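Okay, work-v5.cif now, which holds mmCIF, C-alpha atoms:
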```cif
data_structure
loop_
_atom_site.group_PDB
_atom_site.id
_atom_site.type_symbol
_atom_site.label_atom_id
_atom_site.label_comp_id
_atom_site.auth_asym_id
_atom_site.auth_seq_id
_atom_site.Cartn_x
_atom_site.Cartn_y
_atom_site.Cartn_z
ATOM 1 C CA MET M 134 -75.541 -116.884 30.288
ATOM 2 C CA SER M 135 -77.128 -118.968 33.003
ATOM 3 C CA SER M 136 -78.161 -117.375 36.263
ATOM 4 C CA ILE M 137 -76.368 -118.158 39.477
ATOM 5 C CA THR M 138 -77.900 -120.783 41.675
ATOM 6 C CA GLN M 139 -76.930 -121.897 45.118
ATOM 7 C CA ASP M 140 -75.968 -125.293 43.648
ATOM 8 C CA HIS M 141 -73.651 -123.768 41.044
ATOM 9 C CA VAL M 142 -71.864 -121.290 43.250
ATOM 10 C CA LEU M 143 -71.818 -122.871 46.688
ATOM 11 C CA ARG M 144 -71.497 -126.529 45.755
ATOM 12 C CA GLU M 145 -69.489 -126.420 42.543
ATOM 13 C CA GLY M 146 -67.442 -123.384 43.500
ATOM 14 C CA ARG M 147 -67.831 -121.699 40.105
ATOM 15 C CA LYS M 148 -66.802 -118.063 40.061
ATOM 16 C CA PRO M 149 -69.592 -115.857 38.707
ATOM 17 C CA VAL M 150 -68.843 -113.162 36.155
ATOM 18 C CA VAL M 151 -68.976 -109.884 38.059
ATOM 19 C CA GLY M 152 -69.654 -106.278 37.118
ATOM 20 C CA VAL M 153 -68.484 -103.275 39.129
ATOM 21 C CA ILE M 154 -70.035 -99.877 38.430
ATOM 22 C CA GLY M 155 -68.503 -96.830 40.101
ATOM 23 C CA LEU M 156 -64.724 -97.024 40.327
ATOM 24 C CA GLY M 157 -63.873 -94.462 42.958
ATOM 25 C CA LYS M 158 -61.787 -95.342 45.981
ATOM 26 C CA MET M 159 -64.213 -98.012 47.234
ATOM 27 C CA GLY M 160 -65.487 -99.338 43.895
ATOM 28 C CA GLY M 161 -61.982 -99.379 42.459
ATOM 29 C CA GLY M 162 -60.867 -101.310 45.524
ATOM 30 C CA ILE M 163 -63.684 -103.832 45.082
ATOM 31 C CA ALA M 164 -62.770 -104.382 41.421
ATOM 32 C CA THR M 165 -59.062 -104.720 42.219
ATOM 33 C CA ASN M 166 -59.728 -107.228 44.990
ATOM 34 C CA LEU M 167 -61.955 -109.398 42.775
ATOM 35 C CA LEU M 168 -59.431 -109.356 39.944
ATOM 36 C CA LYS M 169 -56.718 -110.532 42.343
ATOM 37 C CA ARG M 170 -59.004 -113.395 43.351
ATOM 38 C CA GLY M 171 -59.391 -114.591 39.769
ATOM 39 C CA PHE M 172 -62.840 -113.230 38.898
ATOM 40 C CA THR M 173 -63.741 -111.954 35.457
ATOM 41 C CA VAL M 174 -64.771 -108.354 36.092
ATOM 42 C CA HIS M 175 -66.624 -105.997 33.733
ATOM 43 C CA VAL M 176 -66.502 -102.345 34.782
ATOM 44 C CA TYR M 177 -68.090 -98.980 34.072
ATOM 45 C CA ASP M 178 -67.484 -95.444 35.273
ATOM 46 C CA VAL M 179 -68.201 -92.067 33.712
ATOM 47 C CA ARG M 180 -64.516 -91.179 34.258
ATOM 48 C CA ASN M 181 -62.187 -92.728 31.697
ATOM 49 C CA GLU M 182 -59.188 -92.462 33.998
ATOM 50 C CA ALA M 183 -60.962 -94.539 36.657
ATOM 51 C CA VAL M 184 -61.745 -97.243 34.098
ATOM 52 C CA LYS M 185 -58.165 -97.267 32.815
ATOM 53 C CA ARG M 186 -56.770 -97.847 36.319
ATOM 54 C CA VAL M 187 -58.611 -101.147 36.690
ATOM 55 C CA GLU M 188 -58.428 -102.066 33.006
ATOM 56 C CA GLU M 189 -54.652 -102.165 33.424
ATOM 57 C CA LYS M 190 -55.215 -104.785 36.131
ATOM 58 C CA GLY M 191 -57.352 -106.988 33.870
ATOM 59 C CA ALA M 192 -60.878 -105.549 34.061
ATOM 60 C CA ILE M 193 -63.067 -105.459 30.954
ATOM 61 C CA PRO M 194 -64.501 -101.987 30.203
ATOM 62 C CA SER M 195 -68.165 -101.591 29.264
ATOM 63 C CA LYS M 196 -69.964 -98.714 27.548
ATOM 64 C CA SER M 197 -72.881 -98.405 29.984
ATOM 65 C CA PRO M 198 -74.406 -99.880 33.152
ATOM 66 C CA MET M 199 -76.837 -101.768 30.892
ATOM 67 C CA LYS M 200 -73.932 -103.448 29.075
ATOM 68 C CA VAL M 201 -72.374 -104.439 32.396
ATOM 69 C CA ALA M 202 -75.653 -106.046 33.472
ATOM 70 C CA GLU M 203 -76.019 -107.895 30.160
ATOM 71 C CA SER M 204 -72.535 -109.405 30.487
ATOM 72 C CA THR M 205 -72.483 -110.443 34.137
ATOM 73 C CA GLU M 206 -74.214 -112.472 36.823
ATOM 74 C CA VAL M 207 -73.473 -110.276 39.840
ATOM 75 C CA VAL M 208 -73.458 -106.477 39.481
ATOM 76 C CA ILE M 209 -71.858 -104.459 42.284
ATOM 77 C CA THR M 210 -72.356 -100.705 42.515
ATOM 78 C CA SER M 211 -70.386 -98.153 44.526
ATOM 79 C CA LEU M 212 -71.799 -94.694 43.863
ATOM 80 C CA PRO M 213 -71.693 -91.293 45.601
ATOM 81 C CA ASP M 214 -75.353 -90.445 46.238
ATOM 82 C CA GLY M 215 -78.971 -91.515 45.850
ATOM 83 C CA LYS M 216 -79.553 -89.517 42.662
ATOM 84 C CA THR M 217 -76.675 -91.258 40.931
ATOM 85 C CA VAL M 218 -77.819 -94.662 42.184
ATOM 86 C CA ARG M 219 -81.318 -94.100 40.780
ATOM 87 C CA SER M 220 -79.882 -93.037 37.435
ATOM 88 C CA VAL M 221 -77.486 -95.983 37.179
ATOM 89 C CA TYR M 222 -80.158 -98.533 38.100
ATOM 90 C CA LEU M 223 -83.346 -97.058 36.657
ATOM 91 C CA GLY M 224 -82.285 -94.588 33.965
ATOM 92 C CA ASP M 225 -81.807 -94.999 30.226
ATOM 93 C CA MET M 226 -79.033 -97.534 29.561
ATOM 94 C CA GLY M 227 -79.216 -98.404 33.255
ATOM 95 C CA ILE M 228 -78.734 -101.727 35.012
ATOM 96 C CA MET M 229 -82.422 -102.646 34.949
ATOM 97 C CA GLU M 230 -82.432 -102.344 31.139
ATOM 98 C CA GLY M 231 -79.881 -105.130 30.841
ATOM 99 C CA ILE M 232 -80.348 -107.297 33.921
ATOM 100 C CA ARG M 233 -81.064 -110.997 33.457
ATOM 101 C CA ARG M 234 -83.673 -112.874 35.430
ATOM 102 C CA GLY M 235 -81.987 -114.675 38.305
ATOM 103 C CA SER M 236 -78.991 -112.344 38.359
ATOM 104 C CA TYR M 237 -77.904 -110.433 41.448
ATOM 105 C CA VAL M 238 -77.231 -106.792 42.235
ATOM 106 C CA ILE M 239 -75.281 -105.617 45.267
ATOM 107 C CA ASP M 240 -75.241 -101.944 46.163
ATOM 108 C CA THR M 241 -72.429 -100.817 48.446
ATOM 109 C CA SER M 242 -73.256 -97.089 48.238
ATOM 110 C CA THR M 243 -74.008 -95.098 51.380
ATOM 111 C CA ILE M 244 -77.308 -93.441 50.478
ATOM 112 C CA ASP M 245 -80.898 -93.023 51.678
ATOM 113 C CA VAL M 246 -83.248 -95.830 52.682
ATOM 114 C CA ARG M 247 -86.040 -94.953 50.251
ATOM 115 C CA THR M 248 -83.854 -95.210 47.133
ATOM 116 C CA GLU M 249 -82.585 -98.656 48.126
ATOM 117 C CA GLU M 250 -86.093 -99.923 48.828
ATOM 118 C CA ASP M 251 -87.366 -98.582 45.489
ATOM 119 C CA ILE M 252 -84.599 -100.387 43.628
ATOM 120 C CA GLU M 253 -85.288 -103.598 45.549
ATOM 121 C CA LYS M 254 -88.930 -103.435 44.389
ATOM 122 C CA GLU M 255 -87.868 -102.901 40.776
ATOM 123 C CA CYS M 256 -85.460 -105.850 41.040
ATOM 124 C CA GLU M 257 -88.287 -108.064 42.235
ATOM 125 C CA ARG M 258 -90.413 -106.895 39.307
ATOM 126 C CA ARG M 259 -87.627 -107.723 36.861
ATOM 127 C CA GLY M 260 -86.838 -111.110 38.386
ATOM 128 C CA CYS M 261 -83.413 -110.247 39.775
ATOM 129 C CA LYS M 262 -82.234 -110.322 43.384
ATOM 130 C CA MET M 263 -80.787 -107.509 45.473
ATOM 131 C CA LEU M 264 -78.661 -107.047 48.556
ATOM 132 C CA VAL M 265 -77.350 -103.881 50.133
ATOM 133 C CA VAL M 266 -73.832 -104.489 51.446
ATOM 134 C CA THR M 267 -72.354 -101.567 53.344
ATOM 135 C CA LEU M 268 -68.649 -101.553 54.088
ATOM 136 C CA GLY M 269 -67.271 -100.890 57.549
ATOM 137 C CA LYS M 270 -63.735 -99.770 56.701
ATOM 138 C CA GLY M 271 -61.937 -97.772 54.033
ATOM 139 C CA PRO M 272 -60.380 -98.315 50.588
ATOM 140 C CA ALA M 273 -57.207 -99.985 51.901
ATOM 141 C CA GLN M 274 -59.173 -102.760 53.610
ATOM 142 C CA THR M 275 -61.637 -103.041 50.717
ATOM 143 C CA GLU M 276 -58.858 -103.574 48.176
ATOM 144 C CA VAL M 277 -57.670 -106.672 50.039
ATOM 145 C CA GLY M 278 -61.129 -107.987 50.984
ATOM 146 C CA GLU M 279 -60.790 -107.267 54.700
ATOM 147 C CA SER M 280 -63.561 -104.741 55.311
ATOM 148 C CA PRO M 281 -66.401 -105.860 57.590
ATOM 149 C CA LEU M 282 -69.680 -106.200 55.682
ATOM 150 C CA PHE M 283 -73.167 -105.241 56.854
ATOM 151 C CA VAL M 284 -75.757 -106.939 54.675
ATOM 152 C CA GLY M 285 -79.430 -106.145 54.166
ATOM 153 C CA GLY M 286 -81.979 -107.972 52.036
ATOM 154 C CA LYS M 287 -84.007 -111.147 51.972
ATOM 155 C CA LYS M 288 -82.423 -113.932 54.039
ATOM 156 C CA GLU M 289 -82.597 -116.471 51.218
ATOM 157 C CA ILE M 290 -80.682 -114.134 48.898
ATOM 158 C CA PHE M 291 -78.071 -113.578 51.577
ATOM 159 C CA GLU M 292 -77.657 -117.342 52.006
ATOM 160 C CA GLU M 293 -77.246 -117.816 48.240
ATOM 161 C CA LEU M 294 -74.537 -115.155 48.025
ATOM 162 C CA LYS M 295 -72.844 -115.656 51.383
ATOM 163 C CA GLN M 296 -69.915 -117.599 49.937
ATOM 164 C CA PHE M 297 -69.401 -114.962 47.251
ATOM 165 C CA LEU M 298 -69.542 -112.185 49.850
ATOM 166 C CA GLU M 299 -66.602 -113.776 51.627
ATOM 167 C CA ASN M 300 -64.511 -112.558 48.684
ATOM 168 C CA LEU M 301 -65.543 -108.962 49.352
ATOM 169 C CA GLY M 302 -64.828 -108.778 53.071
ATOM 170 C CA LYS M 303 -64.690 -110.510 56.414
ATOM 171 C CA ASN M 304 -66.820 -110.388 59.562
ATOM 172 C CA ILE M 305 -70.081 -110.505 57.617
ATOM 173 C CA HIS M 306 -73.104 -109.270 59.584
ATOM 174 C CA TYR M 307 -76.579 -110.064 58.284
ATOM 175 C CA MET M 308 -78.699 -107.118 59.431
ATOM 176 C CA GLY M 309 -82.132 -108.209 58.186
ATOM 177 C CA GLU M 310 -84.132 -106.138 55.715
ATOM 178 C CA ILE M 311 -82.436 -103.636 53.430
ATOM 179 C CA ARG M 312 -83.292 -100.583 55.510
ATOM 180 C CA ASN M 313 -81.428 -102.045 58.492
ATOM 181 C CA ALA M 314 -78.121 -102.248 56.633
ATOM 182 C CA VAL M 315 -78.547 -98.757 55.168
ATOM 183 C CA LEU M 316 -79.481 -97.187 58.481
ATOM 184 C CA PHE M 317 -76.774 -99.009 60.424
ATOM 185 C CA LYS M 318 -74.062 -97.656 58.102
ATOM 186 C CA LEU M 319 -75.396 -94.111 58.432
ATOM 187 C CA LEU M 320 -75.569 -94.351 62.222
ATOM 188 C CA SER M 321 -72.122 -95.924 62.403
ATOM 189 C CA ASN M 322 -70.756 -92.966 60.460
ATOM 190 C CA VAL M 323 -72.585 -90.539 62.742
ATOM 191 C CA ILE M 324 -70.904 -92.139 65.743
ATOM 192 C CA GLY M 325 -67.418 -92.408 64.242
ATOM 193 C CA LEU M 326 -67.302 -89.048 62.494
ATOM 194 C CA GLY M 327 -69.107 -87.338 65.347
ATOM 195 C CA ASN M 328 -66.389 -88.711 67.594
ATOM 196 C CA LEU M 329 -63.817 -87.258 65.191
ATOM 197 C CA ALA M 330 -65.358 -83.784 65.408
ATOM 198 C CA LEU M 331 -65.329 -83.861 69.231
ATOM 199 C CA LEU M 332 -61.830 -85.366 69.328
ATOM 200 C CA LEU M 333 -60.344 -82.635 67.131
ATOM 201 C CA GLU M 334 -62.232 -79.935 68.995
ATOM 202 C CA ALA M 335 -60.658 -81.137 72.247
ATOM 203 C CA PHE M 336 -57.234 -81.505 70.630
ATOM 204 C CA SER M 337 -57.361 -77.957 69.266
ATOM 205 C CA VAL M 338 -57.999 -76.626 72.787
ATOM 206 C CA ALA M 339 -55.194 -78.786 74.194
ATOM 207 C CA LYS M 340 -52.732 -77.599 71.557
ATOM 208 C CA ALA M 341 -53.741 -73.943 71.982
ATOM 209 C CA ASN M 342 -52.921 -74.260 75.675
ATOM 210 C CA GLY M 343 -49.471 -75.709 75.117
ATOM 211 C CA ILE M 344 -50.053 -79.447 75.551
ATOM 212 C CA ASP M 345 -47.577 -81.323 73.368
ATOM 213 C CA PRO M 346 -49.464 -83.210 70.600
ATOM 214 C CA ASN M 347 -47.522 -86.432 71.121
ATOM 215 C CA MET M 348 -48.115 -86.241 74.869
ATOM 216 C CA PHE M 349 -51.823 -85.707 74.200
ATOM 217 C CA TYR M 350 -51.867 -88.748 71.893
ATOM 218 C CA GLN M 351 -50.020 -91.085 74.256
ATOM 219 C CA ALA M 352 -51.910 -90.005 77.383
ATOM 220 C CA LEU M 353 -55.283 -90.244 75.672
ATOM 221 C CA LYS M 354 -54.638 -93.950 75.061
ATOM 222 C CA ASP M 355 -55.011 -94.530 78.815
ATOM 223 C CA THR M 356 -58.410 -92.854 79.027
ATOM 224 C CA GLY M 357 -61.988 -93.445 77.950
ATOM 225 C CA GLY M 358 -61.444 -90.774 75.288
ATOM 226 C CA TRP M 359 -59.399 -93.138 73.123
ATOM 227 C CA SER M 360 -61.034 -94.332 69.900
ATOM 228 C CA TYR M 361 -60.481 -95.778 66.447
ATOM 229 C CA GLN M 362 -60.619 -92.237 65.033
ATOM 230 C CA ALA M 363 -57.889 -91.132 67.435
ATOM 231 C CA GLU M 364 -55.673 -94.012 66.398
ATOM 232 C CA LEU M 365 -56.339 -93.514 62.701
ATOM 233 C CA ARG M 366 -56.621 -89.771 62.145
ATOM 234 C CA LEU M 367 -54.777 -87.942 64.943
ATOM 235 C CA PRO M 368 -51.369 -88.835 63.410
ATOM 236 C CA TRP M 369 -52.574 -87.442 60.078
ATOM 237 C CA VAL M 370 -53.564 -84.187 61.769
ATOM 238 C CA PHE M 371 -50.159 -83.997 63.489
ATOM 239 C CA ASP M 372 -48.523 -84.308 60.052
ATOM 240 C CA GLY M 373 -50.884 -81.783 58.443
ATOM 241 C CA ASP M 374 -52.137 -84.580 56.188
ATOM 242 C CA PHE M 375 -55.671 -83.851 55.031
ATOM 243 C CA SER M 376 -55.652 -85.911 51.832
ATOM 244 C CA PRO M 377 -59.158 -87.350 51.272
ATOM 245 C CA ARG M 378 -59.330 -90.952 52.487
ATOM 246 C CA PHE M 379 -63.009 -90.158 53.246
ATOM 247 C CA SER M 380 -63.935 -86.665 52.226
ATOM 248 C CA LEU M 381 -65.515 -84.096 54.490
ATOM 249 C CA SER M 382 -68.312 -83.597 51.948
ATOM 250 C CA PHE M 383 -69.197 -87.310 52.119
ATOM 251 C CA THR M 384 -69.081 -87.057 55.912
ATOM 252 C CA ARG M 385 -71.594 -84.210 55.887
ATOM 253 C CA LYS M 386 -73.785 -86.101 53.405
ATOM 254 C CA ASP M 387 -73.936 -89.255 55.527
ATOM 255 C CA ILE M 388 -74.721 -87.421 58.757
ATOM 256 C CA HIS M 389 -77.391 -85.411 56.940
ATOM 257 C CA LEU M 390 -79.023 -88.621 55.651
ATOM 258 C CA ALA M 391 -79.111 -90.086 59.163
ATOM 259 C CA VAL M 392 -80.612 -86.951 60.715
ATOM 260 C CA GLU M 393 -83.095 -86.571 57.855
ATOM 261 C CA TYR M 394 -84.299 -90.169 58.203
ATOM 262 C CA ALA M 395 -84.634 -89.811 61.986
ATOM 263 C CA GLU M 396 -86.690 -86.648 61.502
ATOM 264 C CA GLU M 397 -89.013 -88.529 59.148
ATOM 265 C CA GLN M 398 -89.519 -91.047 61.952
ATOM 266 C CA LYS M 399 -89.999 -88.191 64.456
ATOM 267 C CA VAL M 400 -86.955 -89.387 66.404
ATOM 268 C CA PRO M 401 -84.805 -86.497 67.677
ATOM 269 C CA MET M 402 -81.032 -86.517 67.101
ATOM 270 C CA PRO M 403 -79.934 -83.275 68.809
ATOM 271 C CA ILE M 404 -76.240 -84.124 69.134
ATOM 272 C CA ALA M 405 -75.980 -85.414 65.564
ATOM 273 C CA SER M 406 -77.708 -82.236 64.380
ATOM 274 C CA VAL M 407 -75.019 -80.091 65.997
ATOM 275 C CA ILE M 408 -72.295 -82.262 64.454
ATOM 276 C CA LEU M 409 -74.001 -81.913 61.072
ATOM 277 C CA HIS M 410 -73.889 -78.121 61.395
ATOM 278 C CA LEU M 411 -70.161 -78.223 62.161
ATOM 279 C CA TYR M 412 -69.367 -80.270 59.056
ATOM 280 C CA THR M 413 -71.684 -78.038 57.010
ATOM 281 C CA ILE M 414 -69.756 -74.966 58.143
ATOM 282 C CA ALA M 415 -66.479 -76.706 57.307
ATOM 283 C CA GLU M 416 -67.726 -77.591 53.838
ATOM 284 C CA ARG M 417 -68.839 -73.999 53.248
ATOM 285 C CA GLU M 418 -65.341 -72.925 54.276
ATOM 286 C CA GLY M 419 -64.006 -74.854 51.267
ATOM 287 C CA LEU M 420 -62.840 -77.997 53.091
ATOM 288 C CA GLY M 421 -65.241 -80.448 51.441
ATOM 289 C CA GLU M 422 -62.751 -82.157 49.142
ATOM 290 C CA LEU M 423 -60.273 -82.785 51.952
ATOM 291 C CA ASP M 424 -60.464 -85.642 54.445
ATOM 292 C CA ALA M 425 -62.992 -85.499 57.272
ATOM 293 C CA ASP M 426 -60.101 -84.658 59.580
ATOM 294 C CA ALA M 427 -59.924 -81.236 57.853
ATOM 295 C CA ILE M 428 -62.610 -80.094 60.299
ATOM 296 C CA TYR M 429 -59.560 -79.415 62.479
ATOM 297 C CA LYS M 430 -58.763 -76.472 60.191
ATOM 298 C CA LEU M 431 -62.076 -74.941 61.245
ATOM 299 C CA TYR M 432 -61.156 -75.168 64.918
ATOM 300 C CA GLU M 433 -57.705 -73.752 64.222
ATOM 301 C CA LYS M 434 -59.273 -70.781 62.444
ATOM 302 C CA TRP M 435 -61.577 -70.085 65.386
ATOM 303 C CA ILE M 436 -58.674 -70.254 67.813
ATOM 304 C CA GLU M 437 -56.640 -67.814 65.666
ATOM 305 C CA VAL M 438 -59.577 -65.412 65.531
ATOM 306 C CA LYS M 439 -59.913 -65.557 69.312
ATOM 307 C CA LYS M 440 -56.189 -64.808 69.769
ATOM 308 C CA ASP M 441 -56.482 -61.787 67.518
#
```
Once you've parsed the file, please lay out its structure as C-alpha cells.
Amino acid sequence: MSSITQDHVLREGRKPVVGVIGLGKMGGGIATNLLKRGFTVHVYDVRNEAVKRVEEKGAIPSKSPMKVAESTEVVITSLPDGKTVRSVYLGDMGIMEGIRRGSYVIDTSTIDVRTEEDIEKECERRGCKMLVVTLGKGPAQTEVGESPLFVGGKKEIFEELKQFLENLGKNIHYMGEIRNAVLFKLLSNVIGLGNLALLLEAFSVAKANGIDPNMFYQALKDTGGWSYQAELRLPWVFDGDFSPRFSLSFTRKDIHLAVEYAEEQKVPMPIASVILHLYTIAEREGLGELDADAIYKLYEKWIEVKKD
C-alpha cells in the first residue's frame, strides 16, 4: 500500500484507508462519521461489543493495533489514558510494530504531554508522521464531524493532512507543536469543568434557599454567570439526568493532568487545585462513572447534612 502524499490526497482527492483504535463514545463517533463519509475504516477495541457497534455500520474489525496499522494509511486513536496510549502505540502488537513508512497517526486522546512527545519521537524514528488532534466538543458533534479541532505537530504534516482533517471536524485550529494542543485541551477542560463545579455549587445554594430552578436558569442568562456549561448541563441536573456524556472520573483525570503539568513547570494553579479536590471527593463518593454534572450530588449531600 502506498503512503499518502500531499499530491495524492489534496490534489487527486483520494480517500485514504483509515484505522480507528479505541471505540468508546469519541472513537466510536469518529469511526461512524468516517464511514458515513465513504471511507474504508479498519477498527480495533479490546471490547467486542464496541467493535460490533461499528462493524454493523460497515467497519472492518482487526485483531490488534498492529494489524490496523498494517492495513491503513491513517491511524486514529481515541484512548482513555496515557498508559493505554503507550501500550497501544509502543507495546507488543502495537501500532509501531505495523506502521508503514510515510503513514500517519493521529491521537485524539486527552492525556499527558510527555507521552505524546515520546510517541512523536518514535514515529520519527520509524518514518511515520504524527499529529495530536484534540476535540473541543462531545460525542454528538464528533459523530457528525462538527467538533472543533485543536491540532499539534509539525506544520508540514498539518498542511498535508488538513484536507483530511476537515472530515473529522470544523473550525480547525493549528496550535503549533504537539505539547500546545495537549496542554490547550487540558486547560480548556479545567476552565469548562471548573465553571461547572462553581455553577452547580451556586445552584445548590439557590435551590436550598427556595429559588425556583427554572427562574434561576432564565435569570442567569441575563448575567455574566451564564456559560456553555449552564446551557448544556443545568437542564440535565433539573431532570436528575446524570448519564455519562463525559464522566466525572475523566473530568478529575484531565484536571489532575493540567495541575500536575503546571507543577512540573513551577506554575501555581491554586483555583484548579481546589476544583481538582472537589472532583476527587466526588469520585471517592462513588460518582465517577456518572456525568461530570454528578458533582451536584455532592453539594446536595452537604446541604442535607447541614439541615440535619
Counting only C-alpha atoms, the option among M:Lys254, M:Arg219, M:Lys185, M:Arg234 closest to M:Ile311 | M:Lys254
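Among the candidate residues M:Pro377, M:Gly171, M:Gly191, M:Gly231, the one lying nearest to M:Gly271 is M:Pro377, with distances computed using only C-alpha atoms.
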Selected residue, from M:Gly152, M:Gly357, M:Pro213, M:Gly327, that lies nearest to M:Ile428 when counting only C-alpha atoms = M:Gly327
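Ranking M:Gly419, M:Gly269, M:Pro368, M:Gly215 by their shortest atom-to-atom distance to M:His306, with all atoms listed in the file included, puts M:Gly269 first.
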Picked residues, the PyMOL selection byres ((chain M and resi 226) around 8), as a ChimeraX atom specification = /M:197-200,221,224-225,227-228,230-231
Selection: 12 Å around M:Asn166, all atoms listed in the file, excl. self and same-chain fewer than 2 positions, as a compact mmCIF listing (two decimals) with C-alpha atoms, keeping the file's coordinate frame:
```txt
# COMPACT_ATOMS: atom_id res chain seq x y z
CA VAL M 151 -68.98 -109.88 38.06
CA VAL M 153 -68.48 -103.28 39.13
CA MET M 159 -64.21 -98.01 47.23
CA GLY M 160 -65.49 -99.34 43.90
CA GLY M 161 -61.98 -99.38 42.46
CA GLY M 162 -60.87 -101.31 45.52
CA ILE M 163 -63.68 -103.83 45.08
CA ALA M 164 -62.77 -104.38 41.42
CA LEU M 168 -59.43 -109.36 39.94
CA LYS M 169 -56.72 -110.53 42.34
CA ARG M 170 -59.00 -113.40 43.35
CA GLY M 171 -59.39 -114.59 39.77
CA PHE M 172 -62.84 -113.23 38.90
CA THR M 173 -63.74 -111.95 35.46
CA VAL M 174 -64.77 -108.35 36.09
CA VAL M 187 -58.61 -101.15 36.69
CA LYS M 190 -55.22 -104.78 36.13
CA GLY M 191 -57.35 -106.99 33.87
CA ALA M 192 -60.88 -105.55 34.06
CA PRO M 272 -60.38 -98.32 50.59
CA ALA M 273 -57.21 -99.98 51.90
CA GLN M 274 -59.17 -102.76 53.61
CA THR M 275 -61.64 -103.04 50.72
CA GLU M 276 -58.86 -103.57 48.18
CA VAL M 277 -57.67 -106.67 50.04
CA GLY M 278 -61.13 -107.99 50.98
CA GLU M 279 -60.79 -107.27 54.70
CA SER M 280 -63.56 -104.74 55.31
CA GLU M 299 -66.60 -113.78 51.63
CA ASN M 300 -64.51 -112.56 48.68
CA LEU M 301 -65.54 -108.96 49.35
CA GLY M 302 -64.83 -108.78 53.07
```
Residues picked by the PyMOL selection byres ((chain M and resi 422) around 8) here, as an MDAnalysis selection string?
-> chainID M and resid 377 380:382 419:421 423:424
Those same residues, written as a PDB file, keeping the file's coordinate frame with C-alpha atoms?
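After the write, part.pdb holds the following:
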```pdb
ATOM      1  CA  PRO M 377     -59.158 -87.350  51.272  1.00  0.00           C
ATOM      2  CA  SER M 380     -63.935 -86.665  52.226  1.00  0.00           C
ATOM      3  CA  LEU M 381     -65.515 -84.096  54.490  1.00  0.00           C
ATOM      4  CA  SER M 382     -68.312 -83.597  51.948  1.00  0.00           C
ATOM      5  CA  GLY M 419     -64.006 -74.854  51.267  1.00  0.00           C
ATOM      6  CA  LEU M 420     -62.840 -77.997  53.091  1.00  0.00           C
ATOM      7  CA  GLY M 421     -65.241 -80.448  51.441  1.00  0.00           C
ATOM      8  CA  LEU M 423     -60.273 -82.785  51.952  1.00  0.00           C
ATOM      9  CA  ASP M 424     -60.464 -85.642  54.445  1.00  0.00           C
TER      10      ASP M 424
END
```
Which residues match the PyMOL selection byres ((chain M and resi 256) around 12) in the file above, as a short mmCIF file (atom, residue, chain, number, x, y, z; two decimals) with C-alpha atoms, in the frame of the given file?
```
data_model
loop_
_atom_site.label_atom_id
_atom_site.label_comp_id
_atom_site.auth_asym_id
_atom_site.auth_seq_id
_atom_site.Cartn_x
_atom_site.Cartn_y
_atom_site.Cartn_z
CA TYR M 222 -80.16 -98.53 38.10
CA LEU M 223 -83.35 -97.06 36.66
CA ILE M 228 -78.73 -101.73 35.01
CA MET M 229 -82.42 -102.65 34.95
CA GLU M 230 -82.43 -102.34 31.14
CA GLY M 231 -79.88 -105.13 30.84
CA ILE M 232 -80.35 -107.30 33.92
CA ARG M 233 -81.06 -111.00 33.46
CA ARG M 234 -83.67 -112.87 35.43
CA GLY M 235 -81.99 -114.68 38.30
CA SER M 236 -78.99 -112.34 38.36
CA TYR M 237 -77.90 -110.43 41.45
CA VAL M 238 -77.23 -106.79 42.24
CA ILE M 239 -75.28 -105.62 45.27
CA GLU M 249 -82.58 -98.66 48.13
CA GLU M 250 -86.09 -99.92 48.83
CA ASP M 251 -87.37 -98.58 45.49
CA ILE M 252 -84.60 -100.39 43.63
CA GLU M 253 -85.29 -103.60 45.55
CA LYS M 254 -88.93 -103.44 44.39
CA GLU M 255 -87.87 -102.90 40.78
CA GLU M 257 -88.29 -108.06 42.24
CA ARG M 258 -90.41 -106.90 39.31
CA ARG M 259 -87.63 -107.72 36.86
CA GLY M 260 -86.84 -111.11 38.39
CA CYS M 261 -83.41 -110.25 39.78
CA LYS M 262 -82.23 -110.32 43.38
CA MET M 263 -80.79 -107.51 45.47
CA LEU M 264 -78.66 -107.05 48.56
CA GLY M 286 -81.98 -107.97 52.04
#
```
Produce the centre coordinates and the three edge lengths, each in Å to one decimal, of the box along x, y and z that contains all listed atoms of stretch 405-412 of chain M with 3 Å added on each side, as AutoDock Vina command-line options.
```
--center_x -73.5 --center_y -81.8 --center_z 62.5 --size_x 14.3 --size_y 13.3 --size_z 12.9
```
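Distances to M:Arg247 were evaluated for M:Ala183, M:Val218, M:Ile324, M:Leu282 using all atoms listed in the file, and the minimum falls at M:Val218.
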Could you name the residues that touch M:Lys196 at 12 Å or less, counting only C-alpha atoms, but leaving out those on the same chain fewer than 3 positions away, as a ChimeraX atom specification?
-> /M:154,175-181,184,193,199-204,226-228
Distance in Å - atom CA of M:Ile388 versus atom CA of M:Asp245 = 10.9 Å
Have a look at M:Ala425, M:Leu353, M:Ala415, M:Ile404 and name the one nearest to M:Ala391; count all atoms listed in the file.
-> M:Ile404
Atom CA of M:Leu390 sits from atom CA of M:Tyr412 at a separation of 13.2 Å
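One distance worth recording is that between atom CA of M:Gly358 and atom CA of M:Asn328, which is 9.4 Å.
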Residues near M:Ser360, anyone? I mean within 12 Å using all atoms listed in the file, not counting same-chain ones fewer than 4 positions away, as a short mmCIF file (atom, residue, chain, number, x, y, z; two decimals) with C-alpha atoms, keeping the file's coordinate frame.
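What landed in out.cif:
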```
data_model
loop_
_atom_site.label_atom_id
_atom_site.label_comp_id
_atom_site.auth_asym_id
_atom_site.auth_seq_id
_atom_site.Cartn_x
_atom_site.Cartn_y
_atom_site.Cartn_z
CA ILE M 324 -70.90 -92.14 65.74
CA GLY M 325 -67.42 -92.41 64.24
CA LEU M 326 -67.30 -89.05 62.49
CA GLY M 327 -69.11 -87.34 65.35
CA ASN M 328 -66.39 -88.71 67.59
CA LEU M 329 -63.82 -87.26 65.19
CA LEU M 331 -65.33 -83.86 69.23
CA LEU M 332 -61.83 -85.37 69.33
CA TYR M 350 -51.87 -88.75 71.89
CA LEU M 353 -55.28 -90.24 75.67
CA LYS M 354 -54.64 -93.95 75.06
CA ASP M 355 -55.01 -94.53 78.82
CA THR M 356 -58.41 -92.85 79.03
CA GLU M 364 -55.67 -94.01 66.40
CA LEU M 365 -56.34 -93.51 62.70
CA ARG M 366 -56.62 -89.77 62.14
CA LEU M 367 -54.78 -87.94 64.94
#
```
